[in-house]
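Engineer: Below is the file data38.csv, which contains CSV, C-alpha atoms.
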```csv
chain,number,residue,atom,x,y,z
A,175,MET,CA,-15.1,61.1,19.7
A,176,ASN,CA,-17.7,61.2,22.5
A,177,GLU,CA,-15.8,63.9,24.5
A,178,ILE,CA,-15.8,66.2,21.5
A,179,THR,CA,-19.5,66.1,21.0
A,180,ASN,CA,-20.0,66.5,24.7
A,181,THR,CA,-17.9,69.6,25.1
A,182,SER,CA,-19.4,71.3,22.1
A,183,THR,CA,-22.6,71.7,24.2
A,184,THR,CA,-20.8,72.9,27.3
A,185,GLN,CA,-19.9,76.5,26.3
A,186,MET,CA,-16.9,77.2,28.4
A,187,MET,CA,-16.8,80.9,27.8
A,188,PRO,CA,-18.1,83.6,25.4
A,189,THR,CA,-15.8,83.2,22.5
A,190,SER,CA,-14.6,85.9,20.2
A,191,SER,CA,-13.8,83.4,17.4
A,192,PRO,CA,-16.3,83.4,14.7
A,193,VAL,CA,-17.0,79.6,14.5
A,194,ALA,CA,-18.4,77.6,17.4
A,195,SER,CA,-15.6,75.2,18.0
A,196,PRO,CA,-15.6,71.7,19.4
A,197,ALA,CA,-12.3,72.3,21.3
A,198,THR,CA,-12.2,73.5,24.9
A,199,VAL,CA,-9.3,75.6,26.2
A,200,LEU,CA,-8.1,72.7,28.3
A,201,GLN,CA,-8.2,70.4,25.3
A,202,ILE,CA,-6.2,72.9,23.3
A,203,PHE,CA,-3.6,73.2,26.1
A,204,LEU,CA,-3.3,69.4,26.4
A,205,GLU,CA,-2.9,68.8,22.7
A,206,PHE,CA,-0.2,71.4,22.3
A,207,LEU,CA,1.4,70.1,25.5
A,208,LEU,CA,1.6,66.7,24.0
A,209,ILE,CA,3.0,68.0,20.7
A,210,GLY,CA,5.5,70.2,22.6
A,211,ALA,CA,6.6,67.2,24.6
A,212,THR,CA,6.9,64.6,21.8
A,213,SER,CA,8.1,66.5,18.7
A,214,PHE,CA,11.7,65.4,18.8
A,215,GLY,CA,14.0,66.2,16.0
A,216,GLY,CA,12.4,69.4,14.7
A,217,GLY,CA,9.8,69.2,12.0
A,218,VAL,CA,7.1,70.4,14.4
A,219,VAL,CA,4.8,71.1,11.4
A,220,ALA,CA,4.5,67.4,10.7
A,221,TYR,CA,3.5,66.7,14.4
A,222,LEU,CA,1.0,69.6,14.3
A,223,ARG,CA,-0.6,68.3,11.1
A,224,ASN,CA,-0.9,64.9,12.6
A,225,GLY,CA,-2.3,66.1,16.0
A,226,LEU,CA,-4.6,68.9,14.8
A,227,ILE,CA,-6.0,67.5,11.5
A,228,THR,CA,-5.7,63.7,11.7
A,229,LYS,CA,-6.2,63.0,15.3
A,230,ARG,CA,-8.4,65.9,16.6
A,231,GLY,CA,-10.1,67.0,13.4
A,232,TRP,CA,-10.0,70.6,14.5
A,233,LEU,CA,-8.8,71.9,11.2
A,234,ASP,CA,-9.0,70.9,7.6
A,235,ASP,CA,-6.0,70.7,5.3
A,236,LYS,CA,-6.8,74.0,3.6
A,237,SER,CA,-7.0,76.1,6.7
A,238,PHE,CA,-3.9,74.4,8.1
A,239,VAL,CA,-1.9,75.4,5.0
A,240,GLU,CA,-3.2,78.9,5.2
A,241,LEU,CA,-2.3,79.3,8.9
A,242,LEU,CA,1.1,77.9,8.1
A,243,SER,CA,1.7,80.4,5.4
A,244,ILE,CA,0.9,83.2,7.8
A,245,SER,CA,3.3,81.7,10.3
A,246,GLN,CA,6.1,81.5,7.8
A,247,SER,CA,5.8,85.1,6.6
A,248,LEU,CA,5.9,86.7,10.1
A,249,PRO,CA,8.8,86.9,12.6
A,250,GLY,CA,8.6,84.2,15.3
A,251,LEU,CA,9.0,80.5,15.1
A,252,ASN,CA,6.7,78.5,13.0
A,253,SER,CA,5.7,76.2,15.8
A,254,THR,CA,4.8,79.0,18.3
A,255,ASN,CA,3.1,81.1,15.6
A,256,MET,CA,1.0,78.1,14.6
A,257,ALA,CA,0.1,77.5,18.3
A,258,ILE,CA,-1.2,81.2,18.5
A,259,LEU,CA,-3.1,81.0,15.2
A,260,VAL,CA,-4.7,77.6,15.8
A,261,GLY,CA,-5.6,78.4,19.4
A,262,ASP,CA,-7.1,81.8,18.4
A,263,LYS,CA,-9.1,80.2,15.6
A,264,LEU,CA,-10.5,77.5,17.9
A,265,ARG,CA,-11.1,79.5,21.1
A,266,GLY,CA,-10.0,83.1,20.7
A,267,LEU,CA,-7.4,84.7,22.9
A,268,SER,CA,-7.5,82.1,25.7
A,269,GLY,CA,-7.1,79.4,23.1
A,270,ALA,CA,-4.1,81.1,21.7
A,271,LEU,CA,-2.5,81.4,25.2
A,272,ALA,CA,-3.3,77.8,26.0
A,273,GLY,CA,-1.7,76.7,22.7
A,274,ILE,CA,1.6,78.6,23.1
A,275,VAL,CA,2.0,77.8,26.8
A,276,GLY,CA,1.4,74.1,26.1
A,277,MET,CA,3.8,74.2,23.2
A,278,CYS,CA,6.7,75.8,25.1
A,279,LEU,CA,6.3,74.3,28.5
A,280,PRO,CA,7.9,70.8,28.0
A,281,GLY,CA,10.9,72.0,26.0
A,282,GLY,CA,11.4,75.1,28.2
A,283,LEU,CA,11.5,73.0,31.4
A,284,LEU,CA,13.8,70.5,29.8
A,285,MET,CA,16.2,73.2,28.6
A,286,PHE,CA,16.1,74.9,32.1
A,287,ALA,CA,17.3,71.7,33.6
A,288,VAL,CA,19.8,71.0,30.8
A,289,GLY,CA,21.2,74.5,31.2
A,290,MET,CA,21.9,74.0,34.9
A,291,VAL,CA,23.5,70.6,34.4
A,292,TYR,CA,25.6,71.9,31.5
A,293,ARG,CA,26.8,74.8,33.5
A,294,GLN,CA,28.0,72.5,36.2
A,295,HIS,CA,29.4,69.6,34.2
A,296,GLY,CA,29.7,71.0,30.6
A,297,ASP,CA,33.5,71.1,30.9
A,298,HIS,CA,33.7,67.4,31.7
A,299,PRO,CA,35.8,65.9,28.9
A,300,LEU,CA,33.2,63.3,28.0
A,301,ALA,CA,30.5,66.0,27.8
A,302,THR,CA,32.7,68.1,25.6
A,303,ALA,CA,33.4,65.2,23.3
A,304,ALA,CA,29.7,64.4,22.9
A,305,LEU,CA,28.7,68.0,22.4
A,306,LYS,CA,31.4,68.4,19.7
A,307,GLY,CA,29.6,65.6,17.8
A,308,VAL,CA,26.2,67.1,18.5
A,309,ALA,CA,27.2,70.6,17.3
A,310,ALA,CA,28.7,69.2,14.1
A,311,ALA,CA,25.6,67.2,13.3
A,312,ALA,CA,23.5,70.3,14.0
A,313,VAL,CA,25.4,72.0,11.1
A,314,GLY,CA,24.4,69.2,8.8
A,315,LEU,CA,20.8,69.4,10.0
A,316,ILE,CA,20.6,73.2,9.3
A,317,LEU,CA,22.2,72.8,5.9
A,318,ALA,CA,19.7,70.0,5.0
A,319,THR,CA,16.8,72.4,6.0
A,320,ALA,CA,18.3,75.1,3.8
A,321,VAL,CA,18.5,72.7,0.8
A,322,GLN,CA,14.9,71.5,1.3
A,323,LEU,CA,13.6,75.1,1.6
A,324,GLY,CA,15.6,76.2,-1.4
A,325,LYS,CA,14.3,73.4,-3.6
A,326,LYS,CA,10.8,74.5,-2.7
A,327,SER,CA,11.0,78.2,-3.0
A,328,LEU,CA,14.0,79.3,-5.2
A,329,GLU,CA,13.1,79.5,-8.8
A,330,HIS,CA,14.6,82.6,-10.4
A,331,VAL,CA,18.2,83.8,-10.7
A,332,ALA,CA,17.1,86.8,-8.7
A,333,ASP,CA,16.3,84.5,-5.8
A,334,ALA,CA,19.9,83.3,-5.8
A,335,VAL,CA,21.1,86.9,-5.9
A,336,PHE,CA,18.9,87.7,-2.8
A,337,VAL,CA,20.2,84.7,-0.9
A,338,LEU,CA,23.8,85.6,-1.7
A,339,ALA,CA,23.3,89.3,-0.9
A,340,THR,CA,21.8,88.3,2.5
A,341,ILE,CA,24.7,86.0,3.4
A,342,ILE,CA,27.4,88.5,2.3
A,343,GLY,CA,25.7,91.3,4.2
A,344,VAL,CA,25.6,89.4,7.4
A,345,ASN,CA,28.8,87.3,7.3
A,346,ARG,CA,31.2,89.4,5.2
A,347,LEU,CA,30.1,93.0,5.6
A,348,HIS,CA,28.9,92.4,9.2
A,349,PHE,CA,25.8,94.4,8.9
A,350,SER,CA,23.2,93.7,11.6
A,351,VAL,CA,20.7,91.0,10.7
A,352,LEU,CA,17.9,93.6,11.1
A,353,THR,CA,19.6,95.9,8.5
A,354,VAL,CA,20.1,93.1,6.0
A,355,LEU,CA,16.5,91.8,6.6
A,356,LEU,CA,15.0,95.2,5.9
A,357,VAL,CA,17.2,96.3,3.0
A,358,VAL,CA,17.3,93.0,1.0
A,359,GLY,CA,13.7,92.2,2.1
A,360,ILE,CA,12.4,95.5,0.7
A,361,ILE,CA,14.4,95.2,-2.5
A,362,ALA,CA,13.2,91.6,-3.0
A,363,THR,CA,9.6,92.5,-2.2
A,364,PHE,CA,9.8,95.4,-4.7
A,365,TRP,CA,11.3,93.0,-7.3
A,366,TYR,CA,8.2,90.8,-6.9
A,367,ARG,CA,5.9,93.8,-6.8
A,368,PRO,CA,2.3,93.5,-7.9
A,369,GLY,CA,1.7,93.5,-11.6
A,370,VAL,CA,5.2,92.3,-12.5
A,371,GLU,CA,5.1,88.9,-14.2
A,372,ARG,CA,7.7,87.2,-12.0
A,373,LYS,CA,5.6,85.9,-9.2
A,374,ARG,CA,5.3,82.2,-8.5
A,375,SER,CA,2.8,82.3,-5.7
A,376,ALA,CA,0.0,82.8,-8.2
A,377,SER,CA,-1.3,79.5,-6.9
A,378,SER,CA,-2.1,80.9,-3.5
B,173,MET,CA,18.7,91.0,38.9
B,174,LYS,CA,20.3,93.9,37.3
B,175,GLU,CA,20.6,91.9,34.1
B,176,LEU,CA,16.9,91.4,33.8
B,177,PRO,CA,16.2,94.5,31.6
B,178,ALA,CA,19.0,93.5,29.3
B,179,VAL,CA,17.7,90.0,29.1
B,180,PHE,CA,14.3,91.4,28.0
B,181,ARG,CA,15.8,93.8,25.5
B,182,VAL,CA,18.1,91.2,23.9
B,183,PHE,CA,15.5,88.5,23.5
B,184,ALA,CA,12.7,90.8,22.4
B,185,TYR,CA,15.0,92.2,19.7
B,186,LEU,CA,16.2,88.7,18.6
B,187,SER,CA,12.7,87.4,18.3
B,188,LEU,CA,11.9,90.1,15.6
B,189,LEU,CA,14.8,88.7,13.5
B,190,THR,CA,13.5,85.1,13.5
B,191,VAL,CA,12.0,85.3,10.0
B,192,GLY,CA,11.9,81.8,8.5
B,193,GLY,CA,13.3,80.2,11.7
B,194,GLY,CA,15.3,80.7,14.8
B,195,MET,CA,18.7,80.3,13.1
B,196,ALA,CA,18.2,83.7,11.3
B,197,ALA,CA,18.8,85.4,14.7
B,198,PHE,CA,21.9,83.4,15.5
B,199,PRO,CA,24.6,85.9,14.3
B,200,GLU,CA,23.0,88.6,16.3
B,201,MET,CA,22.5,86.3,19.3
B,202,LYS,CA,26.2,85.6,19.3
B,203,ILE,CA,27.1,89.3,19.3
B,204,LEU,CA,24.6,90.2,22.0
B,205,THR,CA,24.9,87.3,24.4
B,206,VAL,CA,28.6,86.5,24.0
B,207,GLU,CA,30.4,89.7,22.9
B,208,VAL,CA,28.2,92.5,24.4
B,209,HIS,CA,26.8,90.9,27.6
B,210,HIS,CA,29.2,88.1,28.3
B,211,TRP,CA,26.5,85.8,29.6
B,212,LEU,CA,28.3,82.8,28.1
B,213,THR,CA,31.1,81.9,25.8
B,214,PHE,CA,30.8,81.2,22.0
B,215,PRO,CA,31.5,77.4,22.5
B,216,GLN,CA,28.8,77.3,25.2
B,217,LEU,CA,26.3,79.1,22.9
B,218,VAL,CA,27.1,76.6,20.2
B,219,HIS,CA,26.6,73.7,22.6
B,220,LEU,CA,23.4,74.9,24.1
B,221,TYR,CA,22.0,75.6,20.6
B,222,SER,CA,22.9,72.1,19.5
B,223,VAL,CA,21.4,70.4,22.5
B,224,GLY,CA,18.2,72.6,22.0
B,225,GLN,CA,17.8,71.0,18.5
B,226,MET,CA,17.3,67.6,20.3
B,227,ALA,CA,14.7,68.9,22.7
B,228,PRO,CA,11.1,68.6,21.7
B,229,GLY,CA,8.9,71.6,20.9
B,230,PRO,CA,10.1,74.9,19.5
B,231,ASN,CA,13.8,74.5,18.6
B,232,MET,CA,14.9,77.8,20.3
B,233,MET,CA,14.0,76.9,23.9
B,234,MET,CA,17.7,77.2,24.7
B,235,ILE,CA,17.0,80.8,25.3
B,236,VAL,CA,15.7,79.6,28.7
B,237,SER,CA,19.2,78.3,29.6
B,238,ILE,CA,20.8,81.6,28.6
B,239,GLY,CA,18.2,83.6,30.5
B,240,GLU,CA,18.8,81.4,33.6
B,241,TRP,CA,22.6,81.9,33.3
B,242,ALA,CA,22.2,85.6,33.0
B,243,ALA,CA,19.7,86.3,35.7
B,244,GLY,CA,18.6,83.1,37.5
B,245,ILE,CA,15.0,81.7,37.3
B,246,LEU,CA,13.5,85.2,36.7
B,247,GLY,CA,15.9,85.6,33.8
B,248,ALA,CA,14.7,82.4,32.3
B,249,ILE,CA,11.0,83.5,32.6
B,250,VAL,CA,11.8,87.0,31.2
B,251,ALA,CA,13.7,85.5,28.3
B,252,VAL,CA,10.6,83.4,27.4
B,253,PHE,CA,8.2,86.3,27.6
B,254,ALA,CA,10.5,88.6,25.6
B,255,PHE,CA,11.2,86.0,22.9
B,256,PHE,CA,7.6,84.9,22.4
B,257,GLY,CA,5.5,87.8,23.6
B,258,PRO,CA,6.0,90.5,20.9
B,259,THR,CA,6.0,88.1,17.9
B,260,SER,CA,3.0,86.2,19.3
B,261,LEU,CA,1.0,89.4,19.6
B,262,LEU,CA,1.9,90.4,16.1
B,263,THR,CA,0.9,87.0,14.8
B,264,LEU,CA,-2.4,87.2,16.6
B,265,LEU,CA,-3.2,90.6,15.1
B,266,VAL,CA,-2.1,89.7,11.6
B,267,GLY,CA,-4.0,86.4,11.8
B,268,ARG,CA,-7.2,88.2,12.6
B,269,LEU,CA,-6.7,90.7,9.8
B,270,TRP,CA,-5.6,88.0,7.4
B,271,ASN,CA,-9.0,87.7,5.6
B,272,ARG,CA,-8.7,91.4,4.7
B,273,LEU,CA,-5.1,90.9,3.6
B,274,VAL,CA,-5.9,88.1,1.2
B,275,SER,CA,-6.9,90.6,-1.5
B,276,TRP,CA,-4.0,92.9,-0.8
B,277,PRO,CA,-1.7,92.6,-3.8
B,278,TRP,CA,1.5,93.2,-1.9
B,279,ARG,CA,0.9,90.2,0.3
B,280,ASN,CA,2.2,87.8,-2.4
B,281,SER,CA,5.1,90.2,-3.1
B,282,ILE,CA,6.2,90.1,0.5
B,283,GLN,CA,5.9,86.4,0.7
B,284,ASP,CA,7.9,85.9,-2.6
B,285,GLY,CA,10.5,88.5,-1.5
B,286,LEU,CA,11.0,87.1,2.0
B,287,ALA,CA,11.4,83.5,0.8
B,288,PRO,CA,15.0,84.0,-0.5
B,289,VAL,CA,15.9,86.4,2.3
B,290,SER,CA,14.9,83.9,4.9
B,291,ILE,CA,17.0,81.2,3.3
B,292,GLY,CA,19.9,83.6,3.1
B,293,LEU,CA,19.5,84.4,6.8
B,294,LEU,CA,19.3,80.6,7.6
B,295,LEU,CA,22.6,80.1,5.8
B,296,ALA,CA,24.3,83.1,7.3
B,297,GLY,CA,23.3,81.9,10.7
B,298,CYS,CA,24.6,78.4,9.8
B,299,PHE,CA,28.0,79.8,8.7
B,300,THR,CA,28.4,81.8,11.9
B,301,PHE,CA,27.4,78.7,13.9
B,302,ALA,CA,29.7,76.4,11.9
B,303,ARG,CA,32.7,78.6,12.9
B,304,GLY,CA,32.2,77.3,16.4
B,305,ALA,CA,31.0,73.8,15.5
B,306,VAL,CA,33.2,72.7,12.7
B,307,THR,CA,36.7,72.9,14.0
B,308,GLY,CA,38.6,70.2,12.2
B,309,PHE,CA,38.4,67.2,9.8
B,310,ASP,CA,36.4,65.0,12.2
B,311,THR,CA,33.6,67.6,12.8
B,312,ALA,CA,33.5,68.5,9.1
B,313,ALA,CA,33.0,64.8,8.3
B,314,ILE,CA,30.1,64.5,10.8
B,315,ALA,CA,28.4,67.6,9.4
B,316,VAL,CA,28.7,66.5,5.8
B,317,GLY,CA,27.6,63.0,6.7
B,318,THR,CA,24.5,64.2,8.5
B,319,LEU,CA,23.7,66.5,5.6
B,320,LEU,CA,24.0,63.7,3.0
B,321,ILE,CA,22.0,61.2,5.1
B,322,LEU,CA,19.2,63.7,5.7
B,323,LEU,CA,19.0,64.6,2.0
B,324,ARG,CA,18.9,60.9,0.9
B,325,TYR,CA,16.9,59.1,3.6
B,326,LYS,CA,13.9,59.9,5.8
B,327,VAL,CA,15.4,59.7,9.3
B,328,ASN,CA,14.5,61.5,12.5
B,329,PRO,CA,17.2,64.1,12.8
B,330,ALA,CA,17.2,63.6,16.6
B,331,LEU,CA,18.6,60.1,16.1
B,332,LEU,CA,21.4,61.4,13.8
B,333,VAL,CA,22.3,64.0,16.4
B,334,LEU,CA,22.3,61.3,19.1
B,335,ALA,CA,24.5,59.1,16.9
B,336,ALA,CA,26.9,62.0,16.4
B,337,ALA,CA,27.1,62.4,20.2
B,338,ILE,CA,28.1,58.8,20.5
B,339,ILE,CA,30.7,59.1,17.7
B,340,GLY,CA,32.1,62.1,19.6
B,341,VAL,CA,32.4,60.1,22.8
B,342,LEU,CA,33.9,57.1,21.1
B,343,SER,CA,36.5,59.2,19.3
B,344,PHE,CA,37.4,60.9,22.5
```
Please express the file's structure as structure tokens.

Structural biologist:
Amino acid sequence: MNEITNTSTTQMMPTSSPVASPATVLQIFLEFLLIGATSFGGGVVAYLRNGLITKRGWLDDKSFVELLSISQSLPGLNSTNMAILVGDKLRGLSGALAGIVGMCLPGGLLMFAVGMVYRQHGDHPLATAALKGVAAAAVGLILATAVQLGKKSLEHVADAVFVLATIIGVNRLHFSVLTVLLVVGIIATFWYRPGVERKRSASS
Amino acid sequence: MKELPAVFRVFAYLSLLTVGGGMAAFPEMKILTVEVHHWLTFPQLVHLYSVGQMAPGPNMMMIVSIGEWAAGILGAIVAVFAFFGPTSLLTLLVGRLWNRLVSWPWRNSIQDGLAPVSIGLLLAGCFTFARGAVTGFDTAAIAVGTLLILLRYKVNPALLVLAAAIIGVLSF
């Protein structure tokens, strides 16, 4: 608590962010480094919420949800997009850089090492046996994510049609992901065009 | 060294496809890294991706391993910059313009339209991935078991993946 009030008086740099923020660039880096090093098992959003709102008090719930909704509607991973948006909100460009570097550093270094070990020993029978189990579990994990997302955001028959069209376009017709994303994305966006009474995000 | 420009191109392109998550880019990642550039085999890609799910932080840091295989330590660094640079810049710009976009009526339309597409891309990526990961009755059982446990109980997925690794070793 003390360190937060102290640092708010030490202006580290002229900031472009509109609000004077209690977080220094170093604190942003360290918090994201911690989240990047401890968020095992996916679900980084829960770790972010805990670290940024509950522990640090840098954001309120409302702005967290708003930043998350920006993250989700843009290309890029939710976790790194959140690091950019939160860092920028707290300390401008240097905050954004501190956030994303901290977020990526632990996992990146780990996967650098894992990649080298795997290249040398990946064809060891025990490694192959373990990885076979890991890969199979990853399929279940991804399907669970899809089910949870689907429960939250699929409401109309049209949504199911868009989901199917996307899968068929990629897996059966072998169009590039970019083509399918643009074609189905534009059709779906037009389906939910402004003024048509189909939309469900009226709440936002 | 001669692979560096290709590493940059591939991962910058893949990053633009990650709408709704990294898995959306998986079918294209398979084509580009395995079939076009031969940086690794499909089973290796499936393995690296799966191990990457256990690592903390963003769940696509396995791009570091691919970059390193393709072009050494510089390749790893280039892969990270290519994969996170362009999308981060876009996010920064849109984030700053967001207040103006709030009143833009098409914003909700885009969000509503992209929701089913991103779930479709997640599933399409999953099916491509499963072709390399689910190869028989035993792996199918692990996949379905993991799915059912995750839907029913609140468990850390990393623990389930770890358990699956142990099952894999024991059944070896």

Engineer: Would you please work out which residue, of A:Phe364, A:Phe214, A:Phe336, A:Phe206, is nearest to Ala330 (chain B) when using all atoms listed in the file?

Structural biologist: A:Phe214

Engineer: Env of Val288 (chain A): 9 Å cut, atoms = all atoms listed in the file, seq-sep filter 4 positions within chain, self excluded. Answer as a VMD selection string.

Structural biologist: (chain A and resid 283 to 284 292 to 293) or (chain B and resid 220 223 234 237)

Engineer: Please write as a VMD selection string the list of polymer residues whose atoms come within 9 Å of (25.0, 81.0, 2.3), counting all atoms listed in the file and keeping to the coordinates of the file.

Structural biologist: (chain A and resid 337 to 338 340 to 342 345) or (chain B and resid 291 to 299)

Engineer: I want to know what sits within 7 Å of region 332-336 of chain B, based on all atoms listed in the file, with residues of the same chain fewer than 2 positions away left out; could you give that as a PyMOL selection string?

Structural biologist: (chain A and resi 307-308+311-312) or (chain B and resi 314+318+329-330+338-340)

Engineer: Could you please give me, as a list in words, the residues of protein, DNA or RNA lying at most 7 Å from (19.1, 88.9, 27.8) in the coordinate frame of the file, considering all atoms listed in the file?

Structural biologist: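 Residues with an atom at most 7 Å from (19.1, 88.9, 27.8): Leu176, Ala178, Val179, Phe180, Arg181, Val182, Phe183, Thr205, Gly239, Ala242 and Ala251 of chain B.
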
Engineer: Given the choices B:Pro228, B:Gly257, B:Gly304, B:Gly247, which gets closest to chain A if the distance is worked out from only C-alpha atoms?

Structural biologist: B:Pro228

Engineer: At the level of N, CA and C atoms, write region 300-323 of chain A to a file as a compact mmCIF listing (two decimals), in the first residue's frame, please.

Structural biologist:
```txt
# COMPACT_ATOMS: atom_id res chain seq x y z
N LEU A 300 9.95 -42.86 -24.07
CA LEU A 300 9.18 -42.36 -22.92
C LEU A 300 8.62 -40.98 -23.20
N ALA A 301 9.43 -40.12 -23.84
CA ALA A 301 8.96 -38.78 -24.19
C ALA A 301 7.79 -38.87 -25.16
N THR A 302 7.91 -39.73 -26.15
CA THR A 302 6.83 -39.89 -27.13
C THR A 302 5.56 -40.36 -26.44
N ALA A 303 5.71 -41.31 -25.49
CA ALA A 303 4.53 -41.83 -24.78
C ALA A 303 3.86 -40.73 -23.97
N ALA A 304 4.67 -39.93 -23.25
CA ALA A 304 4.10 -38.85 -22.44
C ALA A 304 3.42 -37.81 -23.34
N LEU A 305 4.09 -37.44 -24.44
CA LEU A 305 3.55 -36.40 -25.32
C LEU A 305 2.27 -36.85 -26.02
N LYS A 306 2.17 -38.15 -26.24
CA LYS A 306 0.94 -38.70 -26.83
C LYS A 306 -0.25 -38.40 -25.90
N GLY A 307 -0.04 -38.62 -24.59
CA GLY A 307 -1.09 -38.31 -23.62
C GLY A 307 -1.37 -36.82 -23.54
N VAL A 308 -0.30 -36.04 -23.54
CA VAL A 308 -0.44 -34.58 -23.43
C VAL A 308 -1.23 -34.03 -24.61
N ALA A 309 -0.90 -34.48 -25.83
CA ALA A 309 -1.58 -33.98 -27.02
C ALA A 309 -3.06 -34.35 -27.01
N ALA A 310 -3.35 -35.58 -26.56
CA ALA A 310 -4.76 -36.01 -26.50
C ALA A 310 -5.53 -35.16 -25.49
N ALA A 311 -4.91 -34.88 -24.34
CA ALA A 311 -5.57 -34.04 -23.34
C ALA A 311 -5.79 -32.62 -23.88
N ALA A 312 -4.83 -32.13 -24.69
CA ALA A 312 -4.97 -30.79 -25.25
C ALA A 312 -6.22 -30.70 -26.13
N VAL A 313 -6.54 -31.79 -26.85
CA VAL A 313 -7.77 -31.81 -27.66
C VAL A 313 -9.00 -31.60 -26.77
N GLY A 314 -9.03 -32.35 -25.66
CA GLY A 314 -10.16 -32.19 -24.73
C GLY A 314 -10.24 -30.79 -24.17
N LEU A 315 -9.07 -30.21 -23.88
CA LEU A 315 -8.99 -28.85 -23.34
C LEU A 315 -9.55 -27.83 -24.33
N ILE A 316 -9.16 -27.96 -25.59
CA ILE A 316 -9.63 -27.01 -26.61
C ILE A 316 -11.14 -27.15 -26.81
N LEU A 317 -11.62 -28.41 -26.85
CA LEU A 317 -13.06 -28.62 -27.02
C LEU A 317 -13.85 -28.03 -25.86
N ALA A 318 -13.29 -28.17 -24.63
CA ALA A 318 -13.98 -27.61 -23.46
C ALA A 318 -14.08 -26.09 -23.59
N THR A 319 -12.99 -25.46 -24.07
CA THR A 319 -13.01 -24.01 -24.29
C THR A 319 -14.09 -23.64 -25.29
N ALA A 320 -14.18 -24.43 -26.39
CA ALA A 320 -15.17 -24.13 -27.42
C ALA A 320 -16.59 -24.25 -26.86
N VAL A 321 -16.82 -25.28 -26.03
CA VAL A 321 -18.16 -25.46 -25.44
C VAL A 321 -18.50 -24.27 -24.54
N GLN A 322 -17.53 -23.86 -23.70
CA GLN A 322 -17.79 -22.76 -22.77
C GLN A 322 -18.04 -21.45 -23.52
N LEU A 323 -17.24 -21.19 -24.57
CA LEU A 323 -17.46 -19.98 -25.38
C LEU A 323 -18.82 -20.04 -26.06
```
